[in-house]
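S.K.: Encoded as C-alpha cells, here's the structure I'll be asking about.
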Amino acid sequence: MDKSAFLTWAEGQEENFELVRGHVVIMTGGVRAERQIVLNLFRVLDAWVDPETWAVLPKFGVDVGPATIRFPDIVVDVPALGITLPLDEIYRRVGVG
C-alpha cells in the first residue's frame with residue numbers, strides 16, 4: 001500500500017495502524033502504566049519547550065521512509081522549520097539517554 005492510500009484508509013479506522021515498508025501494521029493500545037507515562041511526559045515537555053518554536057503533539061504521523069509512516073506516542077515539531085522529529089530522535093540529537 002502506498003502512503004496516500006494508507007492515510008485515506010486509516011482515517012476511517014477505529015484502531016491505530018502504521019504503515020511499515022508498505023505493509024499495514026495494527027498497533028496495540030499499551031497498558032495503563034505506559035499511557036500514564038506518556039501523558040506525564042507530554043505535560044512536562046509541553047510546559048518546558050518554547051511554544052513559539054516547538055509544538056508537542058500526541059500520536060502525530062511521521063514520514064520516516066519511502067513506504068513508512070509511524071505514529072509515535074509523542075512528537076516534538078518545529079513548525080517554523082518544517083521539521084518533525086519523534087522523541088527518541090530528539091533525545092539522540094541532544095545526547096540524552
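Chain identifiers are assigned as A, B, and so on, following the order in which chains appear in the C-alpha cells; residues are numbered from 1 within each chain, and ligands are numbered from 1 in order of appearance.
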May I have all residues of chain A that DSSP, computed from the backbone, assigns to helix (DSSP H, G or I), given as JSON, numbers by chain?
M.R.: {"A": [3, 4, 5, 6, 7, 8, 9, 10, 11, 32, 33, 34, 35, 36, 37, 38, 39, 40, 41, 42, 43, 44, 45, 46, 47, 48, 87, 88, 89, 90, 91, 92, 93, 94]}
S.K.: Write the residues of the selection above to a file with C-alpha atoms, as an mmCIF file, in the first residue's frame.
M.R.:
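Writing the result to out_1.cif gives the following:
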data_model
loop_
_atom_site.group_PDB
_atom_site.id
_atom_site.type_symbol
_atom_site.label_atom_id
_atom_site.label_comp_id
_atom_site.auth_asym_id
_atom_site.auth_seq_id
_atom_site.Cartn_x
_atom_site.Cartn_y
_atom_site.Cartn_z
ATOM 1 C CA LYS A 3 1.309 6.349 1.780
ATOM 2 C CA SER A 4 -1.592 8.237 0.246
ATOM 3 C CA ALA A 5 -3.855 5.173 0.167
ATOM 4 C CA PHE A 6 -2.834 4.270 3.715
ATOM 5 C CA LEU A 7 -3.641 7.728 5.112
ATOM 6 C CA THR A 8 -7.034 7.765 3.391
ATOM 7 C CA TRP A 9 -7.846 4.276 4.662
ATOM 8 C CA ALA A 10 -6.519 4.861 8.211
ATOM 9 C CA GLU A 11 -8.718 7.935 8.756
ATOM 10 C CA ARG A 32 -2.385 1.782 31.616
ATOM 11 C CA ALA A 33 1.040 2.474 33.136
ATOM 12 C CA GLU A 34 2.518 3.173 29.704
ATOM 13 C CA ARG A 35 -0.300 5.596 28.840
ATOM 14 C CA GLN A 36 0.231 7.403 32.169
ATOM 15 C CA ILE A 37 3.971 7.754 31.474
ATOM 16 C CA VAL A 38 3.246 9.156 28.008
ATOM 17 C CA LEU A 39 0.716 11.618 29.440
ATOM 18 C CA ASN A 40 3.135 12.769 32.156
ATOM 19 C CA LEU A 41 5.956 13.150 29.639
ATOM 20 C CA PHE A 42 3.676 15.110 27.314
ATOM 21 C CA ARG A 43 2.743 17.505 30.114
ATOM 22 C CA VAL A 44 6.381 18.065 31.117
ATOM 23 C CA LEU A 45 7.574 18.615 27.546
ATOM 24 C CA ASP A 46 4.666 20.883 26.681
ATOM 25 C CA ALA A 47 5.378 23.065 29.728
ATOM 26 C CA TRP A 48 9.157 23.022 29.154
ATOM 27 C CA LEU A 87 11.024 11.975 20.760
ATOM 28 C CA ASP A 88 13.745 9.294 20.574
ATOM 29 C CA GLU A 89 15.399 11.134 17.664
ATOM 30 C CA ILE A 90 15.373 14.404 19.607
ATOM 31 C CA TYR A 91 16.986 12.597 22.551
ATOM 32 C CA ARG A 92 19.626 11.142 20.226
ATOM 33 C CA ARG A 93 20.413 14.531 18.689
ATOM 34 C CA VAL A 94 20.781 16.290 22.014
#
S.K.: Once DSSP has gone over the backbone, tell me which residues of range 4-90 of chain A are in strand (DSSP E or B), as a PyMOL selection string.
M.R.: chain A and resi 16-20+23-27+55-58+62-65+68-70+74-78+83-86
S.K.: Can you tell me, as an MDAnalysis selection string, what residues are no more than 9 Å from His23 in chain A when counting only C-alpha atoms, ignoring any on the same chain fewer than 2 positions away?
M.R.: chainID A and resid 1:2 18:21 25 67:68
S.K.: Calculated over only C-alpha atoms, which of the candidates A:Gln13, A:Gly30, A:Gly22, A:Asp50 has the smallest distance to Val64 in chain A?
M.R.: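 Of the candidates, the smallest distance to Val64 in chain A is held by A:Gly22.
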S.K.: Kindly give the distance, in Å, that separates CA of Val62 in chain A and CA of Asp77 in chain A, rounded to a single decimal.
M.R.: 10.1 Å
S.K.: I'd like to know which of A:Arg70, A:Met27, A:Pro79, A:Gly12 is closest to Glu52 in chain A, using only C-alpha atoms.
M.R.: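 That would be A:Pro79, the residue with the smallest distance to Glu52 in chain A.
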S.K.: I'd like the interatomic distance between CA of Pro51 in chain A and CA of Ile74 in chain A, to a tenth of an Å.
M.R.: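 If I compute the distance from CA of Pro51 in chain A to CA of Ile74 in chain A, I get 15.4 Å.
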S.K.: Which residues come within 10 Å of Phe60 in chain A, counting only C-alpha atoms, excluding same-chain residues fewer than 5 positions away, as a PyMOL selection string?
M.R.: chain A and resi 69-77+84+86
S.K.: As an exercise, work out the distance from CA of Val78 in chain A to CA of Pro66 in chain A in Å and give it to one decimal place.
M.R.: 21.7 Å
